[in-house]
Structures are given as C-alpha cells and as structure tokens.
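Written out below as structure tokens is the structure these notes cover.
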Amino acid sequence: MDDAGALAIGRLQRELADLYLLPDQAGGLAERVADKATLAQLCASTGIPHPLTLLPDSPAQAVAAVRQLGLPAVAKWSRPWLVPAGTDLRSTVLVRSAREAQELYRRSEEAGSRLLLQAYLPDGPGRDWFVHGYVDRTGVVRGGGSGRKHRSWPRGAGLTAVGEWTPDPGLRADVARLVDTLGYRGIFDLDFRVDSATGEPCLLDFNPRPGAQFRLFADGADLDVVRAQHLDMTHRPLPAAAVLPGRRFVVENYSPLTALRVLMTAGPAATEAHRRELAWHAQDDLAPALAMWVLWCRHVTRRLMGRLRRRVRPASPAVPKTPVSTTRERAVADV
C-alpha cells in the first residue's frame with residue numbers, strides 16, 4: 001500500500017513467486033515509474049505531458065534552475081520513500097526563493113536521493129485529477145476509472161479529502177497508451193494536474209500500487225482494482241464494468257463537514273453504496289470510524305488548547321527604569 005512495499009515486492013519477485021501470485025512485472029519498472037526523475041524521462045519518451053523538470057548538480061545549478069522555472073517552484077526528492085522520518089524534510093515542497101532551493105540541494109545526502117525542481121502548475125477548481133486501474137495478464141486495463149479531486153489535505157497539494165468519479169475517455173486513453181508502452185502490469189494510481197496555459201492534464205506522480213482512494217472506483221458490481229487483480233491472478237472472469245459517474249469518496253477527518261453532511265443525508269443502504277464511499281465509516285464495522293473520531297477529537301482539542309494558552313499567556317512584567325536625577329547621571333545612562 002506504499003511505494004516502499006511495492007518496490008520491495010518488485011525486487012523480491014523471484015523469491016516470492018513460489019508463495020504468491022504476482023503480476024508479471026518487468027524487473028525495475030516499478031522503481032522507474034515511482035522515481036520522480038526517471039518518470040520525467042519516461043513522460044518525455046512517450047509523449048505524455050509533464051511539467052518542465054530540472055535536476056541540478058550543484059547549489060549554483062539549483063539557483064539557475066529556479067530562475068529558469070520562475071517562482072514559486074516545486075522541489076521534490078526523486079525517491080521520496082528514502083526521506084528519513086523524524087526530520088523536517090518533506091517529499092514535496094514549494095520553494096519561494098533561490099536560497100531555499102540552494103539549501104535543499106545541500107541536504108541531498110540526508111534525503112537519500114536527488115533533488116529535482118519542477119515548474120509549478122497552480123491549483124484551481126477542476127484541475128486535479130487521478131486515474132486508477134489494473135493492467136491484467138494480457139495488458140488490458142481493467143477496473144478503476146478517472147476521478148476529480150475537489151478537496152485535498154494539505155490544501156492544494158496533498159491527499160484526496162473529497163473526490164468524485166468523473167469519466168474522461170481522453171485521459172483514460174492516454175493512461176492506457178502509457179502503461180502499454182511501458183509494459184506495465186498490476187495496479188496503478190496516477191495523479192494529474194491540468195496546465196492552465198495549455199489545458200492539458202500533466203502527469204505528476206505514478207504510484208505502482210493501490211491509491212488511498214481506490215475504493216471510489218468500486219463499480220455497480222462492487223469491483224475495484226484489488227478485486228480485479230485477485231480475480232485475474234486466479235484465472236477467473238471479471239464482471240463487465242458498471243461505471244458509477246458522480247460517486248464520491250470522502251475522508252472524514254480531512255473534510256469533517258462534508259462527511260457529516262453525507263451521513264445526515266444518507267438514504268437507503270443500497271443507494272448510498274452507489275453514491276459515496278467514506279474512508280472510515282462502514283455500517284458493518286463501526287470500530288475504525290469510532291477510533292478515528294476519538295483520535296481526531298483529541299488532536300483538535302490539543303490544537304485549540306495550545307492556541308488558547310498562547311493567547312492568554314501573561315506578558316512579562318516591564319522592568320522599572322531607575323530614575324536619573326542629575327545631568328551627569330543622565331549622560332552616563334545615555335552612554
């Protein structure tokens with residue numbers, strides 16, 4: 001369910017083959033698509049739109065790259081799964097000055113991979129898209145679909161908080177061409193952002209694994225990409241696709257007001273299963289949702305109490321000034 005796990009399975013495919021049914025993935029391909037630097041090269045070779053990406057080889061080149069791209073620019077570590085935990089390093093950040101880019105480059109060894117600088121595509125309504133799918137044993141894309149991200153956390157550049165199944169045949173065709181050219185097999189999760197200057201969706205990330213919102217694309221036969229892979233790998237037929245446009249995915253702790261509105265307006269269970277998918281709440285198993293709400297309420301309470309303490313903290317008492325009585329003493333005090 002994360003890049004590190006997907007890459008580990010790719011590297012150990014031969015050792016695992018006797019115990020598990022795995023997609024027949026070309027060696028090293030998962031790592032090539034997950035690496036942000038080689039992904040840019042793959043996009044260039046296959047004609048898939050991708051933001052202009054530069055890989056500096058020195059602090060001076062980092063400064064030159066920012067000047068070429070303009071500010072703000074996006075800074076990414078090419079192999080984000082190597083970024084050490086417990087540091088202030090993030091896999092992706094916006095840099096707003098050449099100095100920030102220079103300082104990040106100097107931390108390349110700490111981050112464990114190369115720094116790349118990318119042209120920033122502004123976010124906006126209808127610009128963020130994602131595509132999920134499963135490439136079967138014959139190379140055909142099955143299951144999944146294209147979705148539009150309405151809200152994210154952090155805002156404008158993070159995980160999907162509210163997404164909607166929005167069919168886009170052109171985008172799906174581009175994705176099918178890409179995975180066919182690469183010879184990719186298995187589940188994928190791709191992120192796109194529309195370039196406002198050209199109107200083209202640019203590929204930002206290729207995740208060789210299920211995405212966190214993959215259940216959005218559970219269709220009318222309740223087929224998602226994980227079940228599609230299971231059926232295909234066990235040589236069983238897959239049901240015909242039953243697309244559910246408009247179906248929504250909501251992460252309750254990232255978009256609580258939307259989640260509450262969904263729960264308050266819920267209709268019959270069968271209808272709701274087609275209309276929306278909540279990340280935590282399920283009628284047949286309430287424990288995960290209850291645990292999430294308890295932890296979320298604790299988090300919010302801590303944040304509010306911290307802000308309250310900072311506002312009501314008494315100011316330090318002023319130090320009384322010693323009166324200066326004579327001209328000579330005033331002159332000494334001035335000095």
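Each chain in the structure tokens gets a letter, A, B and so on, in the order shown; residues start at 1 in every chain, and ligands are counted from 1 in the order they appear.
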Run DSSP on the backbone and grab whatever in region 71-207 of chain A lands in alpha helix (DSSP H); send it over as an MDAnalysis selection string.
-> chainID A and resid 98:105 108:111 169:182
Contact residues around region 136-150 of chain A with only C-alpha atoms at 8 Å, ignoring same-chain residues under 6 positions, as a CSV table (one decimal) with all heavy atoms, in the first residue's frame:
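Just written: selection.csv:
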```csv
chain,number,residue,atom,x,y,z
A,23,PRO,N,1.7,-10.0,-10.3
A,23,PRO,CA,1.7,-9.6,-11.7
A,23,PRO,C,3.1,-9.8,-12.3
A,23,PRO,O,4.2,-9.6,-11.6
A,23,PRO,CB,1.4,-8.1,-11.6
A,23,PRO,CG,0.6,-8.0,-10.4
A,23,PRO,CD,1.3,-9.0,-9.4
A,24,ASP,N,3.2,-10.2,-13.6
A,24,ASP,CA,4.4,-10.4,-14.3
A,24,ASP,C,5.0,-9.0,-14.7
A,24,ASP,O,5.0,-8.6,-15.9
A,24,ASP,CB,4.2,-11.3,-15.5
A,24,ASP,CG,5.5,-11.7,-16.2
A,24,ASP,OD1,6.6,-11.6,-15.5
A,24,ASP,OD2,5.5,-12.1,-17.3
A,125,PRO,N,-10.2,25.0,-9.3
A,125,PRO,CA,-11.3,24.1,-9.4
A,125,PRO,C,-11.2,23.3,-10.7
A,125,PRO,O,-11.0,23.8,-11.8
A,125,PRO,CB,-12.5,25.1,-9.5
A,125,PRO,CG,-12.0,26.3,-8.8
A,125,PRO,CD,-10.6,26.4,-9.1
A,126,GLY,N,-11.4,22.0,-10.5
A,126,GLY,CA,-11.4,21.1,-11.7
A,126,GLY,C,-10.0,20.8,-12.3
A,126,GLY,O,-10.0,20.1,-13.4
A,127,ARG,N,-8.9,21.2,-11.7
A,127,ARG,CA,-7.6,20.9,-12.2
A,127,ARG,C,-6.9,19.7,-11.8
A,127,ARG,O,-6.0,19.2,-12.4
A,127,ARG,CB,-6.7,22.2,-12.0
A,127,ARG,CG,-7.1,23.4,-12.7
A,127,ARG,CD,-6.2,24.5,-12.5
A,127,ARG,NE,-6.6,25.8,-13.2
A,127,ARG,CZ,-6.0,26.9,-13.0
A,127,ARG,NH1,-4.9,27.0,-12.3
A,127,ARG,NH2,-6.5,28.0,-13.6
A,128,ASP,N,-7.3,19.2,-10.6
A,128,ASP,CA,-6.6,18.0,-10.0
A,128,ASP,C,-7.4,16.7,-10.3
A,128,ASP,O,-8.6,16.6,-10.0
A,128,ASP,CB,-6.4,18.1,-8.5
A,128,ASP,CG,-5.3,19.1,-8.2
A,128,ASP,OD1,-4.4,19.2,-8.9
A,128,ASP,OD2,-5.5,19.9,-7.2
A,129,TRP,N,-6.7,15.8,-11.0
A,129,TRP,CA,-7.3,14.5,-11.4
A,129,TRP,C,-6.5,13.3,-11.0
A,129,TRP,O,-5.3,13.5,-10.7
A,129,TRP,CB,-7.5,14.5,-12.9
A,129,TRP,CG,-8.5,15.4,-13.5
A,129,TRP,CD1,-8.4,16.8,-13.6
A,129,TRP,CD2,-9.8,15.1,-14.0
A,129,TRP,NE1,-9.5,17.3,-14.1
A,129,TRP,CE2,-10.4,16.3,-14.4
A,129,TRP,CE3,-10.5,13.9,-14.2
A,129,TRP,CZ2,-11.7,16.3,-15.0
A,129,TRP,CZ3,-11.7,13.9,-14.7
A,129,TRP,CH2,-12.3,15.1,-15.1
A,130,PHE,N,-7.1,12.2,-10.9
A,130,PHE,CA,-6.4,10.9,-10.6
A,130,PHE,C,-7.0,9.8,-11.4
A,130,PHE,O,-8.2,9.9,-11.7
A,130,PHE,CB,-6.3,10.6,-9.1
A,130,PHE,CG,-7.7,10.7,-8.4
A,130,PHE,CD1,-8.5,9.6,-8.4
A,130,PHE,CD2,-8.1,11.9,-7.8
A,130,PHE,CE1,-9.8,9.7,-7.7
A,130,PHE,CE2,-9.3,12.0,-7.2
A,130,PHE,CZ,-10.2,10.9,-7.1
A,160,THR,N,-6.2,13.2,-1.2
A,160,THR,CA,-7.6,13.5,-1.6
A,160,THR,C,-8.4,13.5,-0.3
A,160,THR,O,-8.5,12.5,0.4
A,160,THR,CB,-8.1,12.4,-2.5
A,160,THR,OG1,-7.3,12.4,-3.7
A,160,THR,CG2,-9.5,12.7,-2.9
A,161,ALA,N,-9.1,14.6,-0.1
A,161,ALA,CA,-10.1,14.7,1.0
A,161,ALA,C,-11.5,14.4,0.5
A,161,ALA,O,-12.3,13.8,1.1
A,161,ALA,CB,-10.0,16.0,1.7
A,162,VAL,N,-11.8,15.0,-0.7
A,162,VAL,CA,-13.1,14.7,-1.4
A,162,VAL,C,-12.8,14.5,-2.8
A,162,VAL,O,-12.2,15.4,-3.5
A,162,VAL,CB,-14.1,15.9,-1.2
A,162,VAL,CG1,-15.4,15.6,-1.9
A,162,VAL,CG2,-14.3,16.2,0.3
A,163,GLY,N,-13.2,13.4,-3.4
A,163,GLY,CA,-13.0,13.1,-4.8
A,163,GLY,C,-14.3,12.6,-5.4
A,163,GLY,O,-15.2,12.1,-4.7
A,164,GLU,N,-14.4,12.7,-6.7
A,164,GLU,CA,-15.6,12.3,-7.5
A,164,GLU,C,-15.2,11.5,-8.7
A,164,GLU,O,-14.3,11.9,-9.5
A,164,GLU,CB,-16.4,13.5,-7.8
A,164,GLU,CG,-17.7,13.2,-8.6
A,164,GLU,CD,-18.5,14.5,-8.9
A,164,GLU,OE1,-18.1,15.6,-8.5
A,164,GLU,OE2,-19.5,14.3,-9.7
A,165,TRP,N,-15.9,10.4,-8.9
A,165,TRP,CA,-15.7,9.6,-10.1
A,165,TRP,C,-16.2,10.4,-11.3
A,165,TRP,O,-17.4,10.7,-11.5
A,165,TRP,CB,-16.5,8.3,-10.0
A,165,TRP,CG,-16.2,7.3,-11.0
A,165,TRP,CD1,-15.6,7.5,-12.3
A,165,TRP,CD2,-16.4,5.9,-10.9
A,165,TRP,NE1,-15.5,6.3,-12.9
A,165,TRP,CE2,-16.0,5.3,-12.1
A,165,TRP,CE3,-16.9,5.1,-9.9
A,165,TRP,CZ2,-16.0,3.9,-12.4
A,165,TRP,CZ3,-17.0,3.7,-10.2
A,165,TRP,CH2,-16.6,3.1,-11.3
A,166,THR,N,-15.3,10.9,-12.2
A,166,THR,CA,-15.7,11.7,-13.3
A,166,THR,C,-15.0,11.1,-14.6
A,166,THR,O,-13.9,11.3,-14.8
A,166,THR,CB,-15.2,13.2,-13.1
A,166,THR,OG1,-15.6,13.6,-11.9
A,166,THR,CG2,-15.7,14.1,-14.2
A,167,PRO,N,-15.8,10.4,-15.4
A,167,PRO,CA,-15.2,9.7,-16.6
A,167,PRO,C,-14.6,10.8,-17.5
A,167,PRO,O,-15.2,11.8,-17.8
A,167,PRO,CB,-16.4,9.0,-17.2
A,167,PRO,CG,-17.4,8.8,-16.1
A,167,PRO,CD,-17.2,10.0,-15.2
A,168,ASP,N,-13.4,10.4,-18.0
A,168,ASP,CA,-12.7,11.3,-19.0
A,168,ASP,C,-12.1,10.3,-20.0
A,168,ASP,O,-10.9,9.8,-19.8
A,168,ASP,CB,-11.7,12.2,-18.3
A,168,ASP,CG,-11.1,13.2,-19.3
A,168,ASP,OD1,-10.8,12.8,-20.5
A,168,ASP,OD2,-10.8,14.3,-19.0
A,171,LEU,N,-8.4,11.1,-21.1
A,171,LEU,CA,-7.4,10.8,-20.1
A,171,LEU,C,-7.1,9.3,-19.9
A,171,LEU,O,-6.0,8.9,-19.8
A,171,LEU,CB,-7.8,11.4,-18.7
A,171,LEU,CG,-6.8,11.5,-17.6
A,171,LEU,CD1,-5.6,12.2,-18.0
A,171,LEU,CD2,-7.4,12.1,-16.4
A,172,ARG,N,-8.2,8.5,-19.9
A,172,ARG,CA,-8.1,7.1,-19.8
A,172,ARG,C,-7.3,6.5,-21.0
A,172,ARG,O,-6.5,5.6,-20.8
A,172,ARG,CB,-9.4,6.4,-19.7
A,172,ARG,CG,-10.2,6.6,-18.4
A,172,ARG,CD,-9.7,5.7,-17.3
A,172,ARG,NE,-10.3,4.3,-17.6
A,172,ARG,CZ,-10.1,3.3,-16.8
A,172,ARG,NH1,-9.3,3.4,-15.8
A,172,ARG,NH2,-10.6,2.1,-17.1
A,176,ALA,N,-3.8,4.4,-20.8
A,176,ALA,CA,-3.7,3.0,-21.4
A,176,ALA,C,-2.5,3.0,-22.4
A,176,ALA,O,-1.8,2.0,-22.4
A,176,ALA,CB,-5.0,2.7,-22.2
A,180,ASP,N,0.8,0.6,-21.7
A,180,ASP,CA,1.1,-0.3,-22.8
A,180,ASP,C,2.5,-0.2,-23.3
A,180,ASP,O,3.2,-1.1,-23.6
A,180,ASP,CB,0.1,-0.2,-24.0
A,180,ASP,CG,0.3,-1.1,-25.1
A,180,ASP,OD1,0.2,-2.4,-24.9
A,180,ASP,OD2,0.6,-0.7,-26.2
A,183,GLY,N,4.9,-1.6,-20.8
A,183,GLY,CA,4.7,-3.0,-20.5
A,183,GLY,C,4.4,-3.2,-19.0
A,183,GLY,O,4.7,-4.2,-18.4
A,184,TYR,N,3.7,-2.2,-18.4
A,184,TYR,CA,3.3,-2.3,-17.0
A,184,TYR,C,2.3,-3.3,-16.8
A,184,TYR,O,1.3,-3.5,-17.6
A,184,TYR,CB,2.9,-0.9,-16.5
A,184,TYR,CG,2.6,-0.8,-15.1
A,184,TYR,CD1,3.7,-0.5,-14.2
A,184,TYR,CD2,1.4,-1.1,-14.5
A,184,TYR,CE1,3.5,-0.4,-12.8
A,184,TYR,CE2,1.2,-1.0,-13.2
A,184,TYR,CZ,2.2,-0.7,-12.3
A,184,TYR,OH,2.0,-0.6,-11.0
A,185,ARG,N,2.4,-4.0,-15.6
A,185,ARG,CA,1.4,-5.0,-15.2
A,185,ARG,C,1.1,-4.7,-13.7
A,185,ARG,O,2.0,-4.4,-12.9
A,185,ARG,CB,1.8,-6.4,-15.3
A,185,ARG,CG,2.1,-6.9,-16.8
A,185,ARG,CD,0.8,-7.0,-17.5
A,185,ARG,NE,1.0,-7.5,-18.9
A,185,ARG,CZ,1.3,-6.7,-19.9
A,185,ARG,NH1,1.4,-5.4,-19.8
A,185,ARG,NH2,1.4,-7.2,-21.1
A,186,GLY,N,-0.2,-4.9,-13.3
A,186,GLY,CA,-0.6,-4.7,-11.9
A,186,GLY,C,-1.4,-3.4,-11.7
A,186,GLY,O,-1.9,-2.8,-12.7
A,214,PHE,N,-8.7,4.2,-3.7
A,214,PHE,CA,-9.1,3.3,-4.8
A,214,PHE,C,-10.5,2.8,-4.7
A,214,PHE,O,-11.1,2.4,-5.7
A,214,PHE,CB,-8.1,2.1,-4.8
A,214,PHE,CG,-8.3,1.0,-3.7
A,214,PHE,CD1,-9.2,-0.1,-4.0
A,214,PHE,CD2,-7.8,1.1,-2.5
A,214,PHE,CE1,-9.4,-1.0,-3.0
A,214,PHE,CE2,-8.0,0.2,-1.5
A,214,PHE,CZ,-8.8,-0.9,-1.8
A,217,PHE,N,-13.6,3.8,-6.9
A,217,PHE,CA,-14.0,3.2,-8.2
A,217,PHE,C,-14.5,1.8,-8.0
A,217,PHE,O,-14.4,0.9,-8.9
A,217,PHE,CB,-12.7,3.1,-9.1
A,217,PHE,CG,-12.2,4.5,-9.3
A,217,PHE,CD1,-11.0,5.0,-8.8
A,217,PHE,CD2,-12.9,5.4,-10.1
A,217,PHE,CE1,-10.5,6.2,-9.1
A,217,PHE,CE2,-12.5,6.7,-10.4
A,217,PHE,CZ,-11.2,7.1,-9.9
A,218,ALA,N,-15.2,1.5,-6.8
A,218,ALA,CA,-16.0,0.3,-6.7
A,218,ALA,C,-17.2,0.4,-7.5
A,218,ALA,O,-18.1,1.3,-7.2
A,218,ALA,CB,-16.3,0.0,-5.3
A,223,LEU,N,-16.8,-4.1,-8.0
A,223,LEU,CA,-15.4,-4.5,-8.5
A,223,LEU,C,-14.5,-3.3,-8.4
A,223,LEU,O,-14.8,-2.2,-9.0
A,223,LEU,CB,-15.5,-4.9,-9.9
A,223,LEU,CG,-14.2,-5.4,-10.5
A,223,LEU,CD1,-13.8,-6.8,-9.9
A,223,LEU,CD2,-14.2,-5.5,-12.0
A,224,ASP,N,-13.4,-3.4,-7.6
A,224,ASP,CA,-12.4,-2.4,-7.5
A,224,ASP,C,-11.1,-3.0,-8.0
A,224,ASP,O,-11.1,-4.1,-8.4
A,224,ASP,CB,-12.2,-1.8,-6.1
A,224,ASP,CG,-11.9,-2.9,-5.1
A,224,ASP,OD1,-11.2,-3.8,-5.4
A,224,ASP,OD2,-12.4,-2.8,-3.9
A,225,VAL,N,-10.0,-2.2,-8.0
A,225,VAL,CA,-8.8,-2.7,-8.7
A,225,VAL,C,-8.2,-3.9,-7.9
A,225,VAL,O,-7.5,-4.7,-8.5
A,225,VAL,CB,-7.8,-1.5,-8.8
A,225,VAL,CG1,-8.2,-0.5,-9.8
A,225,VAL,CG2,-7.5,-0.9,-7.5
A,228,ALA,N,-10.2,-6.8,-8.9
A,228,ALA,CA,-9.9,-7.2,-10.3
A,228,ALA,C,-8.6,-7.9,-10.4
A,228,ALA,O,-8.5,-8.9,-11.1
A,228,ALA,CB,-9.8,-5.9,-11.1
A,229,GLN,N,-7.6,-7.5,-9.6
A,229,GLN,CA,-6.3,-8.2,-9.6
A,229,GLN,C,-6.5,-9.7,-9.1
A,229,GLN,O,-5.9,-10.6,-9.6
A,229,GLN,CB,-5.2,-7.5,-8.8
A,229,GLN,CG,-3.9,-8.3,-8.7
A,229,GLN,CD,-2.8,-7.5,-8.2
A,229,GLN,OE1,-2.4,-6.5,-8.8
A,229,GLN,NE2,-2.3,-7.8,-7.0
A,232,ASP,N,-8.2,-11.8,-11.7
A,232,ASP,CA,-7.4,-12.1,-12.8
A,232,ASP,C,-6.2,-13.0,-12.5
A,232,ASP,O,-5.9,-14.0,-13.3
A,232,ASP,CB,-6.8,-10.8,-13.4
A,232,ASP,CG,-5.9,-11.0,-14.6
A,232,ASP,OD1,-6.4,-11.5,-15.6
A,232,ASP,OD2,-4.8,-10.5,-14.5
A,233,MET,N,-5.6,-12.9,-11.3
A,233,MET,CA,-4.5,-13.7,-11.0
A,233,MET,C,-4.9,-15.1,-10.7
A,233,MET,O,-4.1,-16.1,-10.7
A,233,MET,CB,-3.7,-13.1,-9.8
A,233,MET,CG,-3.1,-11.7,-10.1
A,233,MET,SD,-1.9,-11.8,-11.5
A,233,MET,CE,-0.7,-12.9,-10.8
A,241,ALA,N,-17.7,-4.0,-16.7
A,241,ALA,CA,-17.6,-2.7,-16.0
A,241,ALA,C,-19.0,-2.1,-15.9
A,241,ALA,O,-19.8,-2.1,-16.8
A,241,ALA,CB,-16.7,-1.8,-16.7
```
So which residues touch region 89-105 of chain A within 6 Å, counting only C-alpha atoms, skipping near sequence neighbours fewer than 5 positions away, as a PyMOL selection string?
-> chain A and resi 59+62-63+71-77+80
In Å, rounded to a single decimal, give me how far CA of Asp195 (chain A) is from CA of Pro49 (chain A).
-> 9.2 Å
If you run DSSP on the backbone, which residues of region 51-224 of chain A are strand (DSSP E or B), as a ChimeraX atom specification?
-> /A:53-54,73-77,92-95,115-119,128-135,141-153,159-165,186-194,201-207
A:Arg209, A:Arg261, A:Arg275, A:Arg106: which is nearest Ala34 (chain A), counting only C-alpha atoms?
->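 Once distances to Ala34 (chain A) are computed over only C-alpha atoms, the minimum belongs to A:Arg209.
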Quick one: pull the distance between CA of Gly199 (chain A) and CA of Tyr120 (chain A), Å, one decimal.
->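 Atom-to-atom, CA of Gly199 (chain A) and CA of Tyr120 (chain A) are spaced 14.6 Å apart.
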Could you please determine the separation between CA of Pro169 (chain A) and CA of Pro239 (chain A) in Å, to one decimal place?
->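 About the pair CA of Pro169 (chain A) and CA of Pro239 (chain A): they are 20.2 Å apart.
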Excluding Pro56 (chain A) and residues on its chain fewer than 5 positions from it, collect all residues at most 9 Å away from it, counting only C-alpha atoms, and give them as a ChimeraX atom specification.
-> /A:61-65,105,114-117
Any chance you can output those residues with N, CA and C atoms as a short mmCIF file (atom, residue, chain, number, x, y, z; two decimals), in the first residue's frame?
```
data_model
loop_
_atom_site.label_atom_id
_atom_site.label_comp_id
_atom_site.auth_asym_id
_atom_site.auth_seq_id
_atom_site.Cartn_x
_atom_site.Cartn_y
_atom_site.Cartn_z
N GLN A 61 23.60 25.41 -9.76
CA GLN A 61 22.62 24.97 -10.75
C GLN A 61 21.20 25.00 -10.18
N ALA A 62 21.06 24.76 -8.88
CA ALA A 62 19.75 24.86 -8.25
C ALA A 62 19.22 26.29 -8.36
N VAL A 63 20.10 27.26 -8.15
CA VAL A 63 19.71 28.67 -8.28
C VAL A 63 19.32 28.97 -9.73
N ALA A 64 20.13 28.49 -10.67
CA ALA A 64 19.84 28.73 -12.09
C ALA A 64 18.53 28.08 -12.50
N ALA A 65 18.25 26.89 -11.96
CA ALA A 65 17.01 26.18 -12.30
C ALA A 65 15.79 26.96 -11.84
N TYR A 105 19.16 21.64 -1.83
CA TYR A 105 20.13 20.84 -2.57
C TYR A 105 21.26 20.36 -1.65
N ARG A 114 18.24 12.37 -5.27
CA ARG A 114 18.49 13.64 -5.94
C ARG A 114 17.33 14.61 -5.76
N LEU A 115 17.66 15.89 -5.76
CA LEU A 115 16.64 16.94 -5.75
C LEU A 115 16.28 17.28 -7.18
N LEU A 116 14.98 17.37 -7.45
CA LEU A 116 14.55 17.89 -8.75
C LEU A 116 13.66 19.10 -8.53
N LEU A 117 13.73 20.03 -9.45
CA LEU A 117 12.94 21.25 -9.41
C LEU A 117 12.01 21.26 -10.61
#
```
